[in-house]
>>> print(open('protein_8.pdb').read())   # PDB, C-alpha atoms and all ligand atoms
MODEL        1
ATOM      1  CA  MET A   1      13.652  76.668  56.916  1.00  0.00           C
ATOM      2  CA  ALA A   2      12.658  74.257  59.701  1.00  0.00           C
ATOM      3  CA  GLN A   3      16.350  73.640  60.351  1.00  0.00           C
ATOM      4  CA  GLU A   4      17.030  77.392  60.581  1.00  0.00           C
ATOM      5  CA  THR A   5      14.227  77.727  63.117  1.00  0.00           C
ATOM      6  CA  LYS A   6      15.744  74.925  65.203  1.00  0.00           C
ATOM      7  CA  VAL A   7      19.160  76.639  65.219  1.00  0.00           C
ATOM      8  CA  ALA A   8      17.526  79.937  66.188  1.00  0.00           C
ATOM      9  CA  GLU A   9      15.655  78.189  68.977  1.00  0.00           C
ATOM     10  CA  LYS A  10      18.919  76.924  70.439  1.00  0.00           C
ATOM     11  CA  ILE A  11      20.491  80.385  70.731  1.00  0.00           C
ATOM     12  CA  ARG A  12      19.986  81.673  74.236  1.00  0.00           C
ATOM     13  CA  MET A  13      19.256  85.370  74.464  1.00  0.00           C
ATOM     14  CA  LEU A  14      20.674  87.301  77.418  1.00  0.00           C
ATOM     15  CA  ASP A  15      19.478  90.500  79.032  1.00  0.00           C
ATOM     16  CA  VAL A  16      22.186  93.142  79.197  1.00  0.00           C
ATOM     17  CA  TYR A  17      21.806  96.765  80.251  1.00  0.00           C
ATOM     18  CA  VAL A  18      23.703  99.407  78.300  1.00  0.00           C
ATOM     19  CA  MET A  19      23.665 102.710  80.132  1.00  0.00           C
ATOM     20  CA  GLY A  20      20.474 101.625  81.873  1.00  0.00           C
ATOM     21  CA  LYS A  21      18.589 100.435  78.797  1.00  0.00           C
ATOM     22  CA  ARG A  22      17.766  96.732  78.508  1.00  0.00           C
ATOM     23  CA  TYR A  23      18.750  94.848  75.369  1.00  0.00           C
ATOM     24  CA  GLN A  24      18.595  91.187  74.454  1.00  0.00           C
ATOM     25  CA  VAL A  25      21.708  89.801  72.843  1.00  0.00           C
ATOM     26  CA  PRO A  26      22.716  86.260  71.811  1.00  0.00           C
ATOM     27  CA  GLU A  27      24.871  84.337  74.252  1.00  0.00           C
ATOM     28  CA  GLY A  28      28.487  84.031  73.128  1.00  0.00           C
ATOM     29  CA  LEU A  29      29.031  87.623  72.078  1.00  0.00           C
ATOM     30  CA  THR A  30      31.839  89.669  73.605  1.00  0.00           C
ATOM     31  CA  ILE A  31      30.964  92.966  75.269  1.00  0.00           C
ATOM     32  CA  MET A  32      32.228  94.696  72.138  1.00  0.00           C
ATOM     33  CA  THR A  33      30.215  92.650  69.665  1.00  0.00           C
ATOM     34  CA  ALA A  34      27.167  92.808  71.956  1.00  0.00           C
ATOM     35  CA  LEU A  35      27.325  96.608  71.890  1.00  0.00           C
ATOM     36  CA  GLU A  36      27.423  96.464  68.107  1.00  0.00           C
ATOM     37  CA  TYR A  37      24.521  94.017  68.125  1.00  0.00           C
ATOM     38  CA  CYS A  38      22.608  96.646  70.145  1.00  0.00           C
ATOM     39  CA  GLY A  39      23.298  99.209  67.445  1.00  0.00           C
ATOM     40  CA  TYR A  40      26.326 101.017  68.812  1.00  0.00           C
ATOM     41  CA  LYS A  41      29.012 101.957  66.346  1.00  0.00           C
ATOM     42  CA  LEU A  42      32.419 101.595  67.970  1.00  0.00           C
ATOM     43  CA  ILE A  43      34.873 104.118  66.648  1.00  0.00           C
ATOM     44  CA  ARG A  44      37.028 104.800  69.680  1.00  0.00           C
ATOM     45  CA  GLY A  45      37.982 102.462  72.517  1.00  0.00           C
ATOM     46  CA  CYS A  46      38.499  99.544  70.188  1.00  0.00           C
ATOM     47  CA  GLY A  47      41.414  98.480  68.077  1.00  0.00           C
ATOM     48  CA  CYS A  48      42.866  95.032  67.523  1.00  0.00           C
ATOM     49  CA  ARG A  49      39.889  93.083  68.948  1.00  0.00           C
ATOM     50  CA  ALA A  50      42.395  90.408  69.870  1.00  0.00           C
ATOM     51  CA  ALA A  51      43.591  91.262  73.410  1.00  0.00           C
ATOM     52  CA  PHE A  52      46.658  92.943  72.057  1.00  0.00           C
ATOM     53  CA  CYS A  53      46.286  96.730  71.834  1.00  0.00           C
ATOM     54  CA  GLY A  54      44.723  97.409  75.247  1.00  0.00           C
ATOM     55  CA  ALA A  55      42.290 100.002  73.892  1.00  0.00           C
ATOM     56  CA  CYS A  56      39.130  98.339  75.179  1.00  0.00           C
ATOM     57  CA  GLY A  57      39.599  98.145  78.954  1.00  0.00           C
ATOM     58  CA  THR A  58      36.141  98.336  80.459  1.00  0.00           C
ATOM     59  CA  VAL A  59      34.163  97.931  83.676  1.00  0.00           C
ATOM     60  CA  TYR A  60      30.882  96.156  84.337  1.00  0.00           C
ATOM     61  CA  ASN A  61      28.709  94.858  87.136  1.00  0.00           C
ATOM     62  CA  PHE A  62      25.431  92.997  87.483  1.00  0.00           C
ATOM     63  CA  LYS A  63      21.866  93.645  88.456  1.00  0.00           C
ATOM     64  CA  ASN A  64      21.692  93.479  92.261  1.00  0.00           C
ATOM     65  CA  ASP A  65      25.481  93.104  92.466  1.00  0.00           C
ATOM     66  CA  PRO A  66      27.314  96.428  92.594  1.00  0.00           C
ATOM     67  CA  THR A  67      30.834  94.952  92.642  1.00  0.00           C
ATOM     68  CA  VAL A  68      32.696  96.538  89.751  1.00  0.00           C
ATOM     69  CA  ARG A  69      34.581  94.061  87.570  1.00  0.00           C
ATOM     70  CA  TYR A  70      37.228  94.806  84.980  1.00  0.00           C
ATOM     71  CA  ALA A  71      37.894  93.229  81.603  1.00  0.00           C
ATOM     72  CA  LEU A  72      38.823  93.743  77.997  1.00  0.00           C
ATOM     73  CA  ALA A  73      35.629  94.374  76.055  1.00  0.00           C
ATOM     74  CA  CYS A  74      36.968  92.467  73.052  1.00  0.00           C
ATOM     75  CA  GLN A  75      37.471  89.305  75.134  1.00  0.00           C
ATOM     76  CA  LYS A  76      34.894  89.238  77.905  1.00  0.00           C
ATOM     77  CA  LEU A  77      31.702  87.411  76.957  1.00  0.00           C
ATOM     78  CA  VAL A  78      28.428  88.980  77.982  1.00  0.00           C
ATOM     79  CA  GLU A  79      26.518  87.387  80.825  1.00  0.00           C
ATOM     80  CA  GLN A  80      22.909  87.499  81.953  1.00  0.00           C
ATOM     81  CA  ASP A  81      21.987  90.806  83.670  1.00  0.00           C
ATOM     82  CA  MET A  82      25.328  92.445  82.906  1.00  0.00           C
ATOM     83  CA  TYR A  83      25.382  96.218  83.346  1.00  0.00           C
ATOM     84  CA  LEU A  84      27.566  98.118  80.929  1.00  0.00           C
ATOM     85  CA  THR A  85      28.255 101.797  80.882  1.00  0.00           C
ATOM     86  CA  GLN A  86      30.636 104.265  79.392  1.00  0.00           C
ATOM     87  CA  ILE A  87      33.566 105.337  81.523  1.00  0.00           C
ATOM     88  CA  PRO A  88      36.114 108.091  80.941  1.00  0.00           C
ATOM     89  CA  PHE A  89      39.544 107.355  79.608  1.00  0.00           C
ATOM     90  CA  PHE A  90      42.136 106.843  82.349  1.00  0.00           C
ATOM     91  CA  PRO A  91      44.214 110.026  82.331  1.00  0.00           C
ATOM     92  CA  ALA A  92      47.230 108.395  83.958  1.00  0.00           C
ATOM     93  CA  ALA A  93      50.342 110.405  84.719  1.00  0.00           C
ATOM     94  CA  LYS A  94      53.195 109.951  82.300  1.00  0.00           C
ATOM     95  CA  PRO A  95      56.028 112.372  83.010  1.00  0.00           C
ATOM     96  CA  ASP A  96      58.417 113.340  80.229  1.00  0.00           C
ATOM     97  CA  TYR A  97      61.874 111.829  80.457  1.00  0.00           C
ATOM     98  CA  ASP A  98      64.830 111.600  78.158  1.00  0.00           C
ATOM     99  CA  LEU A  99      65.846 107.962  77.905  1.00  0.00           C
ATOM    100  CA  GLU A 100      69.351 108.946  76.865  1.00  0.00           C
ATOM    101  CA  LYS A 101      69.751 110.830  80.147  1.00  0.00           C
ATOM    102  CA  THR A 102      67.973 108.332  82.393  1.00  0.00           C
ATOM    103  CA  GLU A 103      70.160 105.781  84.154  1.00  0.00           C
ATOM    104  CA  PRO A 104      68.875 102.215  84.569  1.00  0.00           C
ATOM    105  CA  THR A 105      68.655 102.453  88.358  1.00  0.00           C
ATOM    106  CA  GLY A 106      65.967 102.334  91.024  1.00  0.00           C
ATOM    107  CA  GLU A 107      66.812 105.924  92.036  1.00  0.00           C
ATOM    108  CA  GLN A 108      66.057 107.150  88.520  1.00  0.00           C
ATOM    109  CA  ILE A 109      62.750 105.296  88.419  1.00  0.00           C
ATOM    110  CA  LEU A 110      61.804 106.979  91.704  1.00  0.00           C
ATOM    111  CA  GLU A 111      62.907 110.324  90.334  1.00  0.00           C
ATOM    112  CA  VAL A 112      60.532 109.957  87.377  1.00  0.00           C
ATOM    113  CA  TYR A 113      57.757 108.295  89.400  1.00  0.00           C
ATOM    114  CA  PRO A 114      58.230 109.357  93.055  1.00  0.00           C
ATOM    115  CA  ASP A 115      54.749 108.093  93.962  1.00  0.00           C
ATOM    116  CA  LEU A 116      55.984 104.542  93.404  1.00  0.00           C
ATOM    117  CA  ALA A 117      57.139 104.616  97.039  1.00  0.00           C
ATOM    118  CA  LYS A 118      53.508 104.999  98.130  1.00  0.00           C
ATOM    119  CA  CYS A 119      52.593 101.462  97.040  1.00  0.00           C
ATOM    120  CA  PHE A 120      51.363  99.612 100.110  1.00  0.00           C
ATOM    121  CA  GLY A 121      51.034  96.232  98.417  1.00  0.00           C
ATOM    122  CA  CYS A 122      47.243  95.823  98.394  1.00  0.00           C
ATOM    123  CA  ASN A 123      47.480  93.721  95.199  1.00  0.00           C
ATOM    124  CA  THR A 124      44.410  95.382  93.646  1.00  0.00           C
ATOM    125  CA  CYS A 125      46.437  96.084  90.499  1.00  0.00           C
ATOM    126  CA  THR A 126      47.175  92.384  90.046  1.00  0.00           C
ATOM    127  CA  LYS A 127      43.530  91.472  90.502  1.00  0.00           C
ATOM    128  CA  SER A 128      42.448  93.982  87.859  1.00  0.00           C
ATOM    129  CA  CYS A 129      44.944  92.899  85.175  1.00  0.00           C
ATOM    130  CA  PRO A 130      43.166  91.213  82.228  1.00  0.00           C
ATOM    131  CA  GLN A 131      46.486  89.637  81.259  1.00  0.00           C
ATOM    132  CA  ASN A 132      46.928  87.998  84.661  1.00  0.00           C
ATOM    133  CA  LEU A 133      50.252  89.750  85.155  1.00  0.00           C
ATOM    134  CA  GLU A 134      51.799  89.919  88.618  1.00  0.00           C
ATOM    135  CA  VAL A 135      51.513  93.693  88.671  1.00  0.00           C
ATOM    136  CA  MET A 136      52.145  94.182  92.381  1.00  0.00           C
ATOM    137  CA  TRP A 137      55.271  92.045  92.178  1.00  0.00           C
ATOM    138  CA  PHE A 138      56.749  94.018  89.329  1.00  0.00           C
ATOM    139  CA  MET A 139      55.931  97.221  91.201  1.00  0.00           C
ATOM    140  CA  SER A 140      58.020  95.979  94.122  1.00  0.00           C
ATOM    141  CA  ASP A 141      60.764  94.952  91.650  1.00  0.00           C
ATOM    142  CA  ALA A 142      60.687  98.527  90.309  1.00  0.00           C
ATOM    143  CA  LEU A 143      60.979  99.883  93.830  1.00  0.00           C
ATOM    144  CA  ARG A 144      64.065  97.720  94.359  1.00  0.00           C
ATOM    145  CA  GLY A 145      65.505  98.866  91.013  1.00  0.00           C
ATOM    146  CA  ASP A 146      65.341  95.382  89.494  1.00  0.00           C
ATOM    147  CA  ILE A 147      64.630  96.653  85.991  1.00  0.00           C
ATOM    148  CA  LYS A 148      65.192  93.338  84.258  1.00  0.00           C
ATOM    149  CA  GLU A 149      62.564  91.625  86.424  1.00  0.00           C
ATOM    150  CA  VAL A 150      60.043  94.378  85.710  1.00  0.00           C
ATOM    151  CA  ALA A 151      60.720  94.061  81.976  1.00  0.00           C
ATOM    152  CA  ILE A 152      60.248  90.293  82.076  1.00  0.00           C
ATOM    153  CA  LYS A 153      57.164  90.284  84.305  1.00  0.00           C
ATOM    154  CA  SER A 154      55.438  93.103  82.396  1.00  0.00           C
ATOM    155  CA  PHE A 155      56.336  91.922  78.898  1.00  0.00           C
ATOM    156  CA  ASP A 156      52.720  91.036  78.038  1.00  0.00           C
ATOM    157  CA  CYS A 157      51.311  94.344  79.329  1.00  0.00           C
ATOM    158  CA  LEU A 158      48.713  95.773  76.933  1.00  0.00           C
ATOM    159  CA  MET A 159      48.779  99.284  78.445  1.00  0.00           C
ATOM    160  CA  CYS A 160      45.011  99.128  78.969  1.00  0.00           C
ATOM    161  CA  GLY A 161      45.293 101.163  82.184  1.00  0.00           C
ATOM    162  CA  LEU A 162      42.957  99.041  84.319  1.00  0.00           C
ATOM    163  CA  CYS A 163      45.623  98.639  87.033  1.00  0.00           C
ATOM    164  CA  THR A 164      45.789 102.416  87.335  1.00  0.00           C
ATOM    165  CA  ALA A 165      42.015 102.740  87.387  1.00  0.00           C
ATOM    166  CA  ARG A 166      41.909 100.507  90.473  1.00  0.00           C
ATOM    167  CA  CYS A 167      45.002 101.645  92.389  1.00  0.00           C
ATOM    168  CA  PRO A 168      43.861 103.336  95.633  1.00  0.00           C
ATOM    169  CA  GLN A 169      47.135 105.275  95.679  1.00  0.00           C
ATOM    170  CA  GLY A 170      46.763 106.595  92.134  1.00  0.00           C
ATOM    171  CA  LEU A 171      49.909 104.842  90.921  1.00  0.00           C
ATOM    172  CA  VAL A 172      50.525 104.081  87.264  1.00  0.00           C
ATOM    173  CA  PRO A 173      51.970 100.549  87.145  1.00  0.00           C
ATOM    174  CA  TYR A 174      51.689 100.243  83.368  1.00  0.00           C
ATOM    175  CA  ASN A 175      53.663 103.425  82.706  1.00  0.00           C
ATOM    176  CA  ILE A 176      56.276 102.545  85.320  1.00  0.00           C
ATOM    177  CA  ALA A 177      56.685  99.156  83.646  1.00  0.00           C
ATOM    178  CA  LEU A 178      57.000 100.861  80.266  1.00  0.00           C
ATOM    179  CA  LEU A 179      59.862 102.993  81.580  1.00  0.00           C
ATOM    180  CA  CYS A 180      61.577  99.853  82.896  1.00  0.00           C
ATOM    181  CA  ARG A 181      61.167  98.005  79.594  1.00  0.00           C
ATOM    182  CA  ARG A 182      62.643 100.986  77.773  1.00  0.00           C
ATOM    183  CA  LEU A 183      65.570 101.179  80.182  1.00  0.00           C
ATOM    184  CA  TYR A 184      66.110  97.444  79.884  1.00  0.00           C
ATOM    185  CA  GLY A 185      66.076  97.562  76.086  1.00  0.00           C
ATOM    186  CA  ARG A 186      68.317 100.640  75.950  1.00  0.00           C
ATOM    187  CA  TYR A 187      70.931  99.725  78.573  1.00  0.00           C
ATOM    188  CA  LEU A 188      70.688  96.214  79.965  1.00  0.00           C
ATOM    189  CA  ALA A 189      69.478  93.711  77.345  1.00  0.00           C
ATOM    190  CA  PRO A 190      72.299  91.811  75.646  1.00  0.00           C
ATOM    191  CA  ARG A 191      73.041  93.176  72.200  1.00  0.00           C
ATOM    192  CA  SER A 192      71.798  91.171  69.256  1.00  0.00           C
ATOM    193  CA  LYS A 193      74.717  90.187  67.021  1.00  0.00           C
ATOM    194  CA  HIS A 194      72.360  89.388  64.143  1.00  0.00           C
ATOM    195  CA  LEU A 195      70.716  92.794  64.374  1.00  0.00           C
ATOM    196  CA  ASP A 196      74.074  94.569  64.355  1.00  0.00           C
ATOM    197  CA  GLU A 197      75.121  92.606  61.276  1.00  0.00           C
ATOM    198  CA  ARG A 198      71.852  93.288  59.464  1.00  0.00           C
ATOM    199  CA  MET A 199      72.048  97.019  60.304  1.00  0.00           C
ATOM    200  CA  ALA A 200      75.566  97.119  58.859  1.00  0.00           C
ATOM    201  CA  GLU A 201      74.311  95.413  55.694  1.00  0.00           C
ATOM    202  CA  LEU A 202      71.436  97.886  55.400  1.00  0.00           C
ATOM    203  CA  LYS A 203      73.765 100.852  55.840  1.00  0.00           C
ATOM    204  CA  ALA A 204      76.126  99.424  53.217  1.00  0.00           C
ATOM    205  CA  GLY A 205      73.226  99.370  50.711  1.00  0.00           C
ATOM    206  CA  LYS A 206      73.018  95.599  50.338  1.00  0.00           C
ATOM    207  CA  PHE A 207      69.224  95.729  49.876  1.00  0.00           C
ATOM    208  CA  ASP A 208      68.856  98.996  47.946  1.00  0.00           C
ATOM    209  CA  ALA A 209      68.444  97.352  44.531  1.00  0.00           C
ATOM    210  CA  GLY A 210      65.828  94.905  45.856  1.00  0.00           C
ATOM    211  CA  ILE A 211      63.804  97.700  47.487  1.00  0.00           C
ATOM    212  CA  GLU A 212      63.948  99.727  44.294  1.00  0.00           C
ATOM    213  CA  GLU A 213      62.694  96.719  42.327  1.00  0.00           C
ATOM    214  CA  LEU A 214      59.745  96.248  44.760  1.00  0.00           C
ATOM    215  CA  GLN A 215      58.846  99.928  44.580  1.00  0.00           C
ATOM    216  CA  LYS A 216      58.463  99.675  40.813  1.00  0.00           C
ATOM    217  CA  MET A 217      56.095  96.670  40.949  1.00  0.00           C
ATOM    218  CA  ASN A 218      52.338  96.981  40.621  1.00  0.00           C
ATOM    219  CA  LEU A 219      49.962  95.408  43.142  1.00  0.00           C
ATOM    220  CA  GLU A 220      49.515  92.152  41.214  1.00  0.00           C
ATOM    221  CA  GLU A 221      53.237  91.607  40.916  1.00  0.00           C
ATOM    222  CA  LEU A 222      53.693  92.371  44.591  1.00  0.00           C
ATOM    223  CA  LYS A 223      50.999  89.835  45.516  1.00  0.00           C
ATOM    224  CA  ARG A 224      52.587  87.189  43.301  1.00  0.00           C
ATOM    225  CA  ARG A 225      56.003  87.861  44.801  1.00  0.00           C
ATOM    226  CA  TYR A 226      54.507  87.616  48.289  1.00  0.00           C
ATOM    227  CA  ASP A 227      52.760  84.308  47.544  1.00  0.00           C
ATOM    228  CA  GLU A 228      55.928  82.844  46.056  1.00  0.00           C
ATOM    229  CA  ARG A 229      58.212  83.944  48.865  1.00  0.00           C
ATOM    230  CA  PRO A 230      60.384  81.205  50.315  1.00  0.00           C
ATOM    231  CA  ILE A 231      59.016  79.941  53.594  1.00  0.00           C
ATOM    232  CA  LEU A 232      61.337  78.260  56.029  1.00  0.00           C
ATOM    233  CA  LYS A 233      60.140  74.808  57.016  1.00  0.00           C
ATOM    234  CA  GLU A 234      61.079  73.258  60.349  1.00  0.00           C
TER     235      GLU A 234
HETATM  236  S1  LIG A 301      40.445  95.913  71.114  1.00  0.00           S
HETATM  237 FE1  LIG A 301      42.594  95.629  71.372  1.00  0.00          FE
HETATM  238  S2  LIG A 301      42.724  94.663  73.327  1.00  0.00           S
HETATM  239 FE2  LIG A 301      40.583  94.784  72.978  1.00  0.00          FE
ENDMDL
END
>>> encode(input="protein_8.pdb", output="structure tokens", more="lines below")
Ligand code: FES
Amino acid sequence: MAQETKVAEKIRMLDVYVMGKRYQVPEGLTIMTALEYCGYKLIRGCGCRAAFCGACGTVYNFKNDPTVRYALACQKLVEQDMYLTQIPFFPAAKPDYDLEKTEPTGEQILEVYPDLAKCFGCNTCTKSCPQNLEVMWFMSDALRGDIKEVAIKSFDCLMCGLCTARCPQGLVPYNIALLCRRLYGRYLAPRSKHLDERMAELKAGKFDAGIEELQKMNLEELKRRYDERPILKE
């Protein structure tokens, strides 16, 4: 009991303000877990909790410091006097396009996203990216029609939308990058020989009997089969 008290004594409690109401939460919690500690039940605006799905983009500032900061709520740790509030979803523009009819060129990107030409290179998008991506640079790559560069530089994009929330020109870097990654995958990326071979095997029915066997197994058998699967060692 005495030991438990000592541990409890060591935990520093922080003041955070959720929609104006003060709460005390233990240091070390993320914004997301702190909200839950305060009693909020998170149903929307959260997903993977591992900086992967991009659902939890959020803004915050501090008492006596109005500068708005941006982060992923599942990653950012709470700090003393942090102000948290609910913000609307970012309703970013995403025009319809048919990938089969869209050429992998700069002209086509501008046709789908004509506002891209309004980028004046303020770099605010880069500063707001929780993944530390060079957003402004891939926007200028998109403007030049360098689709491969955009695909490479934006590969780790989570689609959280924070770049769009900050852009003073109302541009949608994450959706523009998505178009470029799709065009790259559809038209420019080298074909995978292994994938072609495996697709041919699938179409020829090479795995049909195995799939049928798995479908007939009960849960226990499936678990056993999974645990006994061969694992490649380096
Ligand atoms: S919950 Fe998925 S990135 Fe934060």
>>> closest_atom_pairs(input="protein_8.pdb", of="chain A", to="ligand LIG 301 (chain A)", cutoff="8 Å", atoms="all atoms listed in the file", output="Markdown table")
| residue | atom | partner | partner_atom | distance |
| --- | --- | --- | --- | --- |
| A:Gly45 | CA | A:LIG301 | S1 | 7.1 |
| A:Cys46 | CA | A:LIG301 | S1 | 4.2 |
| A:Gly47 | CA | A:LIG301 | S1 | 4.1 |
| A:Cys48 | CA | A:LIG301 | FE1 | 3.9 |
| A:Arg49 | CA | A:LIG301 | S1 | 3.6 |
| A:Ala50 | CA | A:LIG301 | FE1 | 5.4 |
| A:Ala51 | CA | A:LIG301 | S2 | 3.5 |
| A:Phe52 | CA | A:LIG301 | S2 | 4.5 |
| A:Cys53 | CA | A:LIG301 | FE1 | 3.9 |
| A:Gly54 | CA | A:LIG301 | S2 | 3.9 |
| A:Ala55 | CA | A:LIG301 | FE1 | 5.1 |
| A:Cys56 | CA | A:LIG301 | FE2 | 4.4 |
| A:Gly57 | CA | A:LIG301 | FE2 | 6.9 |
| A:Leu72 | CA | A:LIG301 | FE2 | 5.4 |
| A:Ala73 | CA | A:LIG301 | FE2 | 5.8 |
| A:Cys74 | CA | A:LIG301 | FE2 | 4.3 |
| A:Gln75 | CA | A:LIG301 | FE2 | 6.7 |
| A:Leu158 | CA | A:LIG301 | S2 | 7.1 |
| A:Cys160 | CA | A:LIG301 | S2 | 7.5 |
>>> atom_distance(input="protein_8.pdb", atom1="CA of Cys163 in chain A", atom2="CA of Met32 in chain A")
20.4 Å
>>> closest_residue(input="protein_8.pdb", among="A:Gly39, A:Pro173, A:Pro104, A:Pro130", to="Ala117 in chain A", atoms="only C-alpha atoms")
A:Pro173
>>> residues_around(input="protein_8.pdb", residues="Tyr113 in chain A", least_positions_apart="2", cutoff="12 Å", atoms="only C-alpha atoms", output="PyMOL selection string")
chain A and resi 92-97+106-111+115-119+139+142-143+170-180
>>> atom_distance(input="protein_8.pdb", atom1="CA of Lys10 in chain A", atom2="CA of Ala34 in chain A")
18.0 Å
>>> residues_around(input="protein_8.pdb", residues="Lys148 in chain A", least_positions_apart="3", cutoff="9 Å", atoms="all atoms listed in the file", output="ChimeraX atom specification")
/A:141,145,151-153,180-181,183-184,188-189
>>> closest_residue(input="protein_8.pdb", among="A:Asp65, A:Tyr83, A:Ala71, A:Phe138", to="Tyr23 in chain A", atoms="only C-alpha atoms")
A:Tyr83
>>> closest_residue(input="protein_8.pdb", among="A:Pro168, A:Gly210, A:Pro190, A:Gly20", to="Asn61 in chain A", atoms="all atoms listed in the file")
A:Gly20
>>> atom_distance(input="protein_8.pdb", atom1="CA of Leu99 in chain A", atom2="CA of Arg186 in chain A")
8.0 Å
>>> residues_around(input="protein_8.pdb", residues="Thr126 in chain A", least_positions_apart="4", cutoff="6 Å", atoms="all atoms listed in the file", output="PyMOL selection string")
chain A and resi 134-136
